[in-house]
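What follows is the content of query_15.txt, which has compact mmCIF, C-alpha atoms:
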```txt
# COMPACT_ATOMS: atom_id res chain seq x y z
CA MET M 1490 104.10 -18.89 -103.19
CA ALA M 1491 100.56 -20.15 -103.18
CA ARG M 1492 97.91 -17.82 -104.40
CA ALA M 1493 94.56 -17.48 -102.70
CA THR M 1494 91.70 -18.58 -104.82
CA ARG M 1495 88.13 -17.29 -104.61
CA SER M 1496 85.37 -19.83 -104.90
CA LYS M 1497 82.56 -19.12 -107.25
CA PRO M 1498 79.16 -18.47 -105.68
CA LYS M 1499 76.69 -21.30 -105.92
CA ALA M 1500 73.87 -20.86 -108.31
CA LYS M 1501 70.53 -20.13 -106.65
CA GLU M 1502 68.11 -23.03 -106.71
CA PRO M 1503 64.77 -22.25 -108.37
CA THR M 1504 61.91 -21.63 -105.92
CA PRO M 1505 59.40 -24.48 -106.16
CA GLU M 1506 56.00 -23.40 -107.30
CA PRO M 1507 53.11 -24.06 -104.86
CA PRO M 1508 51.07 -27.16 -105.71
CA VAL M 1509 47.92 -26.54 -107.65
CA SER M 1510 44.82 -27.48 -105.66
CA THR M 1511 42.62 -30.08 -107.31
CA VAL M 1512 39.66 -29.48 -105.00
CA LYS M 1513 36.77 -27.96 -106.85
CA PRO M 1514 35.15 -24.98 -105.17
CA LEU M 1515 31.59 -25.37 -103.99
CA PRO M 1516 29.03 -23.71 -106.22
CA ALA M 1517 26.98 -20.84 -104.89
CA SER M 1518 23.73 -21.67 -103.12
CA THR M 1519 20.54 -21.45 -105.13
CA SER M 1520 17.33 -19.71 -104.19
CA ASN M 1521 15.27 -22.71 -105.35
CA PRO M 1522 16.93 -25.82 -103.89
CA PRO M 1523 15.67 -29.31 -104.79
CA LYS M 1524 13.25 -31.01 -102.42
CA LEU M 1525 13.07 -34.62 -101.33
CA PHE M 1526 9.79 -36.46 -102.03
CA VAL M 1527 8.61 -39.96 -101.11
CA LEU M 1528 6.22 -41.07 -103.88
CA PRO M 1529 4.09 -44.23 -104.22
CA LYS M 1530 5.35 -47.24 -106.15
CA ASP M 1531 4.14 -48.55 -109.49
CA VAL M 1532 2.62 -45.29 -110.65
CA SER M 1533 1.81 -44.46 -114.23
CA LYS M 1534 4.32 -42.73 -116.44
CA ASP M 1535 1.76 -39.95 -116.78
CA ALA M 1536 1.76 -39.27 -113.02
CA ARG M 1537 2.56 -35.67 -112.21
CA ILE M 1538 2.54 -32.98 -109.54
CA VAL M 1539 -0.34 -30.55 -110.02
CA THR M 1540 -1.37 -27.29 -108.36
CA LEU M 1541 -4.96 -27.23 -107.11
CA ASP M 1542 -6.81 -25.04 -104.64
CA ASN M 1543 -6.72 -26.26 -101.06
CA PRO M 1544 -10.36 -26.84 -100.03
CA ALA M 1545 -9.85 -25.55 -96.48
CA ASN M 1546 -8.15 -22.20 -97.18
CA ASP M 1547 -8.65 -21.75 -100.95
CA THR M 1548 -4.92 -21.31 -101.61
CA PRO M 1549 -2.89 -23.08 -104.34
CA SER M 1550 -1.31 -26.29 -103.03
CA ARG M 1551 0.70 -29.14 -104.53
CA TYR M 1552 -0.84 -32.58 -105.09
CA TYR M 1553 0.34 -35.76 -106.79
CA PHE M 1554 -1.96 -37.33 -109.37
CA CYS M 1555 -1.74 -40.78 -110.93
CA PRO M 1556 -4.35 -41.67 -113.61
CA ASN M 1557 -4.28 -45.36 -112.64
CA LYS M 1558 -4.57 -44.76 -108.90
CA ARG M 1559 -5.73 -41.59 -107.15
CA PHE M 1560 -4.77 -38.20 -105.79
CA TYR M 1561 -2.14 -37.73 -103.09
CA GLU M 1562 -1.39 -34.83 -100.81
CA PHE M 1563 2.09 -33.99 -99.53
CA THR M 1564 2.71 -34.23 -95.81
CA ARG M 1565 5.75 -32.23 -94.71
CA ILE M 1566 8.00 -33.90 -92.14
CA ALA M 1567 10.52 -31.49 -90.65
CA ALA M 1568 13.37 -32.03 -88.22
CA PRO M 1569 13.35 -30.05 -84.94
CA LYS M 1570 14.71 -26.54 -85.36
CA LYS M 1571 17.28 -27.08 -82.60
CA GLU M 1572 18.89 -29.95 -84.51
CA CYS M 1573 21.06 -28.92 -87.45
CA ARG M 1574 20.33 -31.54 -90.08
CA GLY M 1575 20.34 -31.64 -93.86
CA TRP M 1576 20.21 -33.94 -96.87
CA LEU M 1577 23.02 -35.14 -99.13
CA ILE M 1578 21.38 -35.90 -102.48
CA THR M 1579 23.19 -37.72 -105.30
CA GLY M 1580 22.11 -38.97 -108.69
CA GLU M 1581 21.59 -42.65 -109.49
CA ASN M 1582 23.43 -42.67 -112.84
CA SER M 1583 27.09 -43.59 -112.99
CA LYS M 1584 29.70 -41.82 -115.07
CA GLY M 1585 29.19 -42.10 -118.78
CA ALA M 1586 25.52 -43.01 -118.46
CA GLU M 1587 22.82 -40.82 -119.88
CA GLN M 1588 21.65 -38.34 -117.27
CA LYS M 1589 18.05 -37.68 -116.57
CA GLU M 1590 16.65 -34.21 -116.10
CA GLY M 1591 16.74 -34.40 -112.30
CA ASP M 1592 20.26 -35.88 -112.24
CA ALA M 1593 21.51 -33.13 -114.52
CA ARG M 1594 20.28 -30.52 -112.06
CA ILE M 1595 21.84 -32.28 -109.07
CA GLY M 1596 25.09 -33.03 -110.88
CA SER M 1597 27.60 -35.04 -108.88
CA GLY M 1598 25.79 -34.25 -105.63
CA TYR M 1599 23.81 -31.66 -103.75
CA VAL M 1600 23.73 -30.65 -100.09
CA ASN M 1601 20.39 -29.36 -98.87
CA LYS M 1602 20.60 -27.44 -95.61
CA SER M 1603 16.93 -28.11 -94.89
CA ALA M 1604 16.04 -31.61 -93.65
CA ASP M 1605 12.42 -31.41 -94.77
CA LEU M 1606 10.82 -34.50 -96.27
CA PHE M 1607 7.57 -34.52 -98.27
CA VAL M 1608 5.59 -37.76 -98.16
CA ALA M 1609 2.75 -38.40 -100.64
CA THR M 1610 -0.27 -39.68 -98.69
CA PRO M 1611 -3.67 -40.57 -100.23
CA ILE M 1612 -6.42 -37.95 -100.16
CA ASP M 1613 -10.06 -38.48 -101.00
CA LEU M 1614 -11.00 -36.81 -104.27
CA LEU M 1615 -14.22 -35.77 -102.54
CA PHE M 1616 -12.40 -33.01 -100.62
CA LEU M 1617 -10.81 -31.60 -103.79
CA ILE M 1618 -14.16 -31.20 -105.56
CA LEU M 1619 -16.03 -29.78 -102.54
CA PRO M 1620 -15.24 -26.12 -103.43
CA ALA M 1621 -17.19 -26.57 -106.67
CA LEU M 1622 -20.14 -28.20 -104.86
CA ALA M 1623 -20.30 -26.06 -101.73
CA PRO M 1624 -22.24 -22.77 -101.58
CA LYS M 1625 -20.21 -19.63 -102.08
CA SER M 1626 -21.44 -18.04 -98.84
CA ALA M 1627 -23.41 -18.99 -95.75
CA LYS M 1628 -26.41 -17.04 -97.07
CA ASP M 1629 -26.81 -19.40 -100.03
CA THR M 1630 -29.05 -21.87 -98.19
CA LYS M 1631 -30.92 -23.01 -101.30
CA GLN M 1632 -28.65 -24.80 -103.75
CA GLN M 1633 -29.81 -25.51 -107.28
CA PHE M 1634 -29.49 -28.80 -109.12
CA LEU M 1635 -26.82 -28.60 -111.79
CA ALA M 1636 -25.64 -30.93 -114.51
CA PHE M 1637 -22.39 -32.80 -114.18
CA ASP M 1638 -20.80 -30.75 -116.97
CA ASP M 1639 -21.58 -27.56 -115.05
CA TYR M 1640 -19.55 -28.78 -112.09
CA LEU M 1641 -16.71 -29.75 -114.41
CA ASP M 1642 -16.75 -26.23 -115.78
CA LYS M 1643 -16.48 -24.85 -112.22
CA LEU M 1644 -13.44 -27.03 -111.55
CA SER M 1645 -11.81 -26.04 -114.85
CA ALA M 1646 -12.34 -22.37 -114.09
CA SER M 1647 -10.77 -22.69 -110.63
CA SER M 1648 -7.40 -24.02 -111.87
CA ARG M 1649 -5.70 -24.52 -115.22
CA HIS M 1650 -4.37 -27.84 -113.94
CA TRP M 1651 -7.92 -29.03 -113.33
CA ARG M 1652 -8.72 -28.06 -116.92
CA ALA M 1653 -5.71 -30.01 -118.19
CA LEU M 1654 -6.50 -33.10 -116.12
CA ILE M 1655 -10.17 -33.20 -117.17
CA SER M 1656 -9.32 -32.78 -120.86
CA GLN M 1657 -6.37 -35.22 -120.96
CA PHE M 1658 -7.65 -38.05 -118.74
CA PRO M 1659 -11.23 -39.22 -119.38
CA SER M 1660 -10.97 -41.61 -116.41
CA ILE M 1661 -10.87 -38.72 -113.98
CA GLN M 1662 -14.41 -37.70 -114.96
CA ALA M 1663 -15.73 -41.07 -113.81
CA MET M 1664 -13.83 -40.69 -110.54
CA ILE M 1665 -15.34 -37.25 -109.93
CA GLU M 1666 -18.88 -38.37 -110.73
CA LYS M 1667 -18.59 -41.36 -108.39
CA ARG M 1668 -17.57 -39.17 -105.43
CA MET M 1669 -20.27 -36.61 -106.26
CA CYS M 1670 -22.96 -39.31 -106.06
CA ALA M 1671 -21.81 -40.17 -102.52
CA ILE M 1672 -22.66 -36.71 -101.15
CA SER M 1673 -25.30 -35.34 -103.52
CA ASP M 1674 -29.02 -35.55 -104.11
CA THR M 1675 -29.89 -36.36 -107.71
CA VAL M 1676 -32.85 -35.80 -109.99
CA ASP M 1677 -33.37 -36.92 -113.56
CA ALA M 1678 -34.05 -34.21 -116.13
CA GLY M 1679 -34.74 -36.13 -119.30
CA ASP M 1680 -31.64 -38.08 -120.23
CA GLU M 1681 -29.42 -36.08 -117.90
CA THR M 1682 -28.81 -36.43 -114.16
CA MET M 1683 -28.71 -33.29 -112.02
CA TYR M 1684 -26.72 -33.03 -108.78
CA ARG M 1685 -26.96 -30.95 -105.59
CA ILE M 1686 -24.87 -31.35 -102.45
CA SER M 1687 -26.66 -32.96 -99.50
CA ASN M 1688 -25.60 -31.96 -96.00
CA ASP M 1689 -26.92 -35.20 -94.51
CA LYS M 1690 -24.99 -37.39 -96.94
CA LEU M 1691 -21.84 -35.33 -96.49
CA LEU M 1692 -22.14 -35.60 -92.70
CA SER M 1693 -22.62 -39.36 -92.99
CA VAL M 1694 -19.43 -39.69 -95.05
CA LEU M 1695 -17.46 -37.55 -92.60
CA LEU M 1696 -18.73 -39.57 -89.62
CA LYS M 1697 -17.57 -42.81 -91.27
CA LYS M 1698 -14.14 -41.30 -91.87
CA ALA M 1699 -13.93 -40.06 -88.27
CA GLU M 1700 -14.98 -43.48 -86.91
CA ARG M 1701 -12.31 -45.13 -89.03
CA MET M 1702 -9.71 -42.70 -87.68
CA VAL M 1703 -10.73 -43.49 -84.10
CA ASN M 1704 -10.74 -47.26 -84.66
CA THR M 1705 -7.34 -47.12 -86.33
CA GLY M 1706 -5.98 -44.93 -83.55
CA LEU M 1707 -5.25 -41.24 -83.46
CA PRO M 1708 -1.62 -40.12 -83.84
CA PRO M 1709 0.24 -39.90 -80.51
CA SER M 1710 0.50 -36.12 -80.80
CA LEU M 1711 -3.30 -35.73 -81.08
CA GLU M 1712 -3.89 -38.33 -78.36
CA ASP M 1713 -1.63 -36.58 -75.85
CA LYS M 1714 -2.74 -33.02 -76.60
CA PHE M 1715 -6.49 -33.39 -77.13
CA ILE M 1716 -7.46 -36.58 -75.26
CA LYS M 1717 -5.12 -37.26 -72.35
CA THR M 1718 -4.71 -33.63 -71.33
CA ALA M 1719 -8.43 -32.83 -71.68
CA LEU M 1720 -9.50 -35.75 -69.47
CA GLU M 1721 -6.99 -35.13 -66.66
CA ILE M 1722 -8.83 -34.61 -63.34
CA PRO M 1723 -7.01 -32.20 -60.98
CA ILE M 1724 -6.09 -33.14 -57.41
CA MET M 1725 -8.24 -31.12 -55.02
CA ASN M 1726 -6.37 -31.83 -51.75
CA ILE M 1727 -3.74 -29.27 -50.65
CA LYS M 1728 -1.67 -29.82 -47.50
CA ARG M 1729 0.97 -27.52 -46.15
CA GLU M 1730 3.04 -28.09 -43.01
CA ASP M 1731 4.30 -25.45 -40.55
CA SER M 1732 1.80 -22.84 -41.66
CA SER M 1733 0.94 -19.93 -39.39
CA LEU M 1734 -2.40 -19.25 -41.15
CA SER M 1735 -5.46 -20.67 -39.42
CA THR M 1736 -8.48 -22.14 -41.17
CA PRO M 1737 -11.81 -20.80 -39.85
CA SER M 1738 -14.30 -23.39 -38.69
CA THR M 1739 -18.07 -23.23 -38.34
CA GLN M 1740 -20.71 -25.64 -37.20
CA ASN M 1741 -21.82 -26.34 -40.77
CA ASP M 1742 -18.25 -26.98 -41.85
CA SER M 1743 -17.82 -29.52 -39.08
CA GLN M 1744 -20.81 -31.47 -40.41
CA THR M 1745 -19.88 -31.40 -44.10
CA SER M 1746 -16.12 -31.44 -43.95
CA THR M 1747 -13.30 -33.06 -42.02
CA SER M 1748 -11.04 -30.06 -42.29
CA THR M 1749 -8.50 -29.68 -39.46
CA THR M 1750 -8.75 -26.29 -37.73
CA THR M 1751 -6.03 -24.80 -35.52
CA THR M 1752 -5.27 -21.43 -34.06
CA SER M 1753 -2.60 -19.11 -35.30
CA ASP M 1754 -0.33 -20.19 -32.44
CA SER M 1755 -0.29 -23.79 -33.62
CA PRO M 1756 2.91 -24.82 -35.37
CA ASP M 1757 1.17 -27.06 -37.92
CA THR M 1758 -1.88 -26.36 -40.03
CA THR M 1759 -3.43 -28.64 -42.64
CA LEU M 1760 -5.58 -27.14 -45.40
CA THR M 1761 -8.15 -29.43 -46.97
CA THR M 1762 -11.22 -28.91 -49.10
CA PRO M 1763 -14.85 -30.03 -48.63
CA HIS M 1764 -14.54 -32.04 -51.87
CA GLU M 1765 -12.61 -34.74 -50.03
CA GLN M 1766 -15.59 -36.05 -48.05
CA SER M 1767 -18.70 -34.12 -49.12
CA THR M 1768 -18.48 -34.97 -52.86
CA LYS M 1769 -17.58 -38.15 -54.66
CA PRO M 1770 -14.45 -38.18 -56.84
CA LEU M 1771 -15.10 -37.47 -60.52
CA ILE M 1772 -14.86 -40.60 -62.64
CA THR M 1773 -14.67 -40.56 -66.44
CA PRO M 1774 -17.55 -42.57 -67.98
CA PRO M 1775 -16.43 -45.25 -70.46
CA THR M 1776 -18.23 -43.58 -73.39
CA VAL M 1777 -16.55 -40.18 -72.93
CA PRO M 1778 -13.06 -41.01 -74.32
CA HIS M 1779 -14.58 -42.40 -77.53
CA LEU M 1780 -16.77 -39.32 -77.96
CA LEU M 1781 -13.80 -37.04 -77.37
CA ARG M 1782 -11.72 -38.90 -79.97
CA LEU M 1783 -14.63 -38.73 -82.40
CA ARG M 1784 -15.00 -35.00 -81.82
CA THR M 1785 -11.26 -34.50 -82.29
CA ALA M 1786 -11.34 -36.41 -85.60
CA LEU M 1787 -14.34 -34.44 -86.87
CA THR M 1788 -12.73 -31.15 -85.87
CA TYR M 1789 -9.55 -32.14 -87.70
CA LEU M 1790 -11.44 -33.07 -90.87
CA SER M 1791 -13.45 -29.86 -90.70
CA SER M 1792 -10.46 -27.55 -90.27
CA SER M 1793 -8.20 -29.35 -92.76
CA TYR M 1794 -10.47 -30.35 -95.65
CA LEU M 1795 -13.84 -28.57 -95.53
CA PRO M 1796 -14.58 -25.16 -97.06
CA ALA M 1797 -15.56 -22.49 -94.56
CA THR M 1798 -19.20 -22.54 -95.69
CA LEU M 1799 -19.55 -26.25 -94.76
CA ARG M 1800 -17.91 -26.15 -91.32
CA PRO M 1801 -21.12 -25.14 -89.47
CA LEU M 1802 -22.41 -28.59 -90.43
CA ILE M 1803 -19.84 -30.17 -88.10
CA THR M 1804 -20.34 -27.55 -85.39
CA THR M 1805 -24.08 -28.22 -85.32
CA HIS M 1806 -23.55 -31.98 -85.09
CA LEU M 1807 -21.10 -31.60 -82.19
CA SER M 1808 -23.83 -29.74 -80.30
CA SER M 1809 -26.31 -32.58 -80.75
CA PRO M 1810 -27.50 -34.82 -77.85
CA THR M 1811 -25.03 -37.48 -78.98
CA PHE M 1812 -22.17 -35.45 -77.48
CA THR M 1813 -24.09 -34.29 -74.35
CA PRO M 1814 -22.26 -36.74 -71.99
CA LEU M 1815 -18.93 -35.44 -73.28
CA THR M 1816 -19.95 -31.79 -72.87
CA THR M 1817 -21.21 -32.40 -69.32
CA HIS M 1818 -18.07 -34.25 -68.26
CA LEU M 1819 -15.71 -31.66 -69.73
CA ALA M 1820 -17.68 -28.91 -67.96
CA ALA M 1821 -17.26 -30.74 -64.64
CA ILE M 1822 -13.50 -31.07 -65.24
CA ALA M 1823 -13.30 -27.36 -66.09
CA THR M 1824 -15.04 -26.52 -62.80
CA LEU M 1825 -12.60 -28.67 -60.84
CA LYS M 1826 -9.65 -27.09 -62.63
CA SER M 1827 -10.87 -23.59 -61.75
CA GLU M 1828 -11.29 -24.61 -58.09
CA ALA M 1829 -7.84 -26.21 -58.09
CA ALA M 1830 -6.40 -23.00 -59.52
CA ALA M 1831 -8.09 -21.03 -56.72
CA LEU M 1832 -6.63 -23.40 -54.11
CA ARG M 1833 -3.19 -23.05 -55.63
CA SER M 1834 -3.61 -19.30 -55.44
CA ILE M 1835 -4.47 -19.59 -51.72
CA SER M 1836 -1.47 -21.83 -51.18
CA ASP M 1837 0.79 -19.37 -52.97
CA ASN M 1838 -0.57 -16.53 -50.83
CA ILE M 1839 0.17 -18.55 -47.68
CA SER M 1840 3.71 -19.20 -48.88
CA ARG M 1841 4.25 -15.55 -49.71
CA LYS M 1842 2.80 -14.39 -46.36
CA ARG M 1843 4.95 -16.85 -44.47
CA ALA M 1844 8.01 -15.74 -46.39
CA ILE M 1845 7.18 -12.11 -45.57
CA GLU M 1846 6.80 -12.96 -41.87
CA GLU M 1847 10.11 -14.81 -41.86
CA ASP M 1848 11.74 -11.88 -43.59
CA ASP M 1849 10.33 -9.51 -40.94
CA GLU M 1850 11.78 -11.70 -38.15
CA LYS M 1851 15.17 -11.76 -39.82
CA ILE M 1852 15.09 -8.00 -40.28
CA ALA M 1853 14.21 -7.55 -36.58
CA GLU M 1854 17.09 -9.82 -35.54
CA ARG M 1855 19.55 -7.91 -37.70
CA GLU M 1856 18.35 -4.59 -36.28
CA GLU M 1857 18.70 -5.91 -32.70
CA LYS M 1858 22.25 -7.09 -33.37
CA LYS M 1859 23.08 -3.76 -34.94
CA ARG M 1860 21.64 -1.88 -31.93
CA LYS M 1861 23.67 -3.95 -29.44
CA LYS M 1862 26.82 -3.46 -31.46
CA GLU M 1863 26.31 0.31 -31.60
CA GLU M 1864 25.64 0.39 -27.84
CA GLU M 1865 28.88 -1.48 -27.11
CA GLU M 1866 30.81 0.90 -29.33
CA ARG M 1867 29.35 3.90 -27.47
CA LYS M 1868 30.36 2.37 -24.11
CA LYS M 1869 33.89 1.80 -25.34
CA LYS M 1870 34.17 5.37 -26.51
CA SER M 1871 32.90 6.73 -23.15
CA GLU M 1872 35.52 4.86 -21.08
CA SER M 1873 38.63 6.72 -19.91
CA LEU M 1874 42.17 5.86 -20.89
CA GLY M 1875 42.96 4.60 -17.37
CA ALA M 1876 39.98 2.29 -17.32
CA ARG M 1877 40.97 0.82 -20.67
CA ARG M 1878 44.55 0.28 -19.44
CA LEU M 1879 43.28 -1.25 -16.21
CA LYS M 1880 41.37 -3.85 -18.21
CA LYS M 1881 44.65 -4.95 -19.74
CA VAL M 1882 46.33 -5.56 -16.32
CA ASP M 1883 46.76 -9.21 -15.30
CA THR M 1884 44.80 -9.61 -12.03
CA SER M 1885 44.77 -13.37 -11.88
CA GLY M 1886 46.89 -13.54 -8.64
CA MET M 1887 45.37 -10.52 -6.91
CA ARG M 1888 42.52 -10.46 -4.40
CA LYS M 1889 39.43 -8.47 -5.18
CA MET M 1890 38.76 -5.27 -3.23
CA SER M 1891 35.52 -6.68 -1.88
CA SER M 1892 37.43 -9.34 0.10
CA PHE M 1893 38.87 -6.63 2.43
CA PHE M 1894 35.43 -5.41 3.47
CA THR M 1895 33.87 -8.68 4.56
CA LYS M 1896 32.36 -8.87 8.07
CA VAL M 1897 34.45 -10.49 10.78
CA GLY M 1898 32.87 -13.67 12.12
CA GLY M 1899 31.39 -13.72 15.73
CA ALA M 1900 33.49 -14.74 18.78
CA LYS M 1901 33.52 -18.38 19.52
CA LYS M 1902 31.53 -19.50 22.58
CA ALA M 1903 33.45 -20.93 25.51
```
Translate this structure into structure tokens?
Amino acid sequence: MARATRSKPKAKEPTPEPPVSTVKPLPASTSNPPKLFVLPKDVSKDARIVTLDNPANDTPSRYYFCPNKRFYEFTRIAAPKKECRGWLITGENSKGAEQKEGDARIGSGYVNKSADLFVATPIDLLFLILPALAPKSAKDTKQQFLAFDDYLDKLSASSRHWRALISQFPSIQAMIEKRMCAISDTVDAGDETMYRISNDKLLSVLLKKAERMVNTGLPPSLEDKFIKTALEIPIMNIKREDSSLSTPSTQNDSQTSTSTTTTSDSPDTTLTTPHEQSTKPLITPPTVPHLLRLRTALTYLSSSYLPATLRPLITTHLSSPTFTPLTTHLAAIATLKSEAAALRSISDNISRKRAIEEDDEKIAEREEKKRKKEEEERKKKSESLGARRLKKVDTSGMRKMSSFFTKVGGAKKA
């Protein structure tokens, strides 16, 4: 007799361990991320970024200095806020090579969530030394002649970086003295030359810079905002069809204007202005655009690079007879724009009044329909049950009651 055998249970297979991820986690963001700069080529090994006072607002700003070349300011180029862009920055050194200080900070790569770019553009050293030459307040009308070393002491006291540059690079002293001579009156006191800022010389230098900006061409943003928009002449003719508002007419108006006048019952009304025939259209003189570009350039230089105590120099020059044609033409454009705004206001009032009248007509129509509907409902309710049933009877083959009461025709003549 065969015996039943019991099979041994299978040994449990070991559970495989989950694979270990080789992806390195991203490091935490830093509060001082690296920035991307575009610097000039072939600069000295001693070139550096320095912190100097901004001449326009007297706040510390970053500049790039090269002993063999000049000073540079940083122009920030930013992407539109609506576009989400960034920079992926990597080092130049390959694996195993000696890392520089900047590459060591970046490591194998860095993602910057801000897409800002800082471009080093040349700046005239004259603007950086103006705070030491300019008067401290508008009341200081009489400036004293000072030695060159006195102005160097003023610059050194304003910034420790100025002090370091003047002490470490003797060539920068010659650069400063050369730019001071361009805008200063000088007197000789023995073997030493004394300097004092000259408003006329400074204005001459600024005018040359502004003329060069105009000849080179203003940036498109300045051209569109300050030139094209400012010289736009408004259209003074307003026409509106199917208007129920009449235009009053007088004998004088008929002689000086060709305005069309209709009564309030007329379906069409045309609104015009006396400027169409009584005055000539405004034409921009050929010298005005150049003057406007020159004024825009001077205003830009004044607001961006001049200390506050020197800006009245530009304001006074812009009020001189040289800019009188520009001022007169812009005043005429402003007058036309105010009149055009008044005409648009009249046109808007006409549109609103017409809309109100149309709304009143629609309201009256709806009320009339509602009244007729309510009247019909009252008539239906006042009818008797028999009358309502009689309306449902089919009387298509029946004669009307009035046919039985017609007069009999006269007897025929023999």
Considering all atoms listed in the file, can you say which of M:Arg1685, M:Lys1530, M:Lys1667, M:Lys1571 comes closest to Lys1558 of chain M?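 Residue with the minimum atom-to-atom distance to Lys1558 of chain M: M:Lys1530.
Coordinates place atom CA of Glu1712 of chain M at a distance of 23.1 Å from atom CA of Lys1570 of chain M.
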Mind pulling up the distance from atom CA of Met1890 of chain M to atom CA of Glu1864 of chain M?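 Between atom CA of Glu1864 of chain M and atom CA of Met1890 of chain M the gap is 28.5 Å.
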To one decimal place, how far is atom CA of Leu1525 of chain M from atom CA of Asn1601 of chain M in Å?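 Atom-to-atom, atom CA of Leu1525 of chain M to atom CA of Asn1601 of chain M, that is 9.3 Å.
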Between segment 1621-1700 of chain M and segment 1768-1781 of chain M, at 12 Å or less, what are the per-residue closest atom pairs and their distances in Å? Count only C-alpha atoms, order by chain and rising residue number, and return it as JSON lines.
```
{"residue": "M:Leu1696", "atom": "CA", "partner": "M:Leu1780", "partner_atom": "CA", "distance": 11.8}
{"residue": "M:Ala1699", "atom": "CA", "partner": "M:Leu1780", "partner_atom": "CA", "distance": 10.7}
{"residue": "M:Glu1700", "atom": "CA", "partner": "M:His1779", "partner_atom": "CA", "distance": 9.5}
```
Of the residues M:Leu1691, M:Leu1874, M:Ala1853, M:Val1608, which is the one nearest to Cys1670 of chain M, using all atoms listed in the file?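 So, comparing all the options, the nearest one is M:Leu1691.
Considering the residues M:Glu1666, M:Ile1655, M:Val1527, M:Val1676 and counting only C-alpha atoms, Gln1633 of chain M has its shortest atom-to-atom contact with M:Val1676.
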List the spatial neighbours of Arg1701 of chain M as a ChimeraX atom specification - criterion: any atom at most 12 Å away, all atoms listed in the file, same-chain residues fewer than 6 positions off excluded. /M:1694-1695,1707,1782-1783,1786-1787
Shell of 10 Å around segment 1826-1828 of chain M, all atoms listed in the file, local chain residues under 3 positions omitted, as a PyMOL selection string: chain M and resi 1721-1725+1762+1820-1823+1831-1834
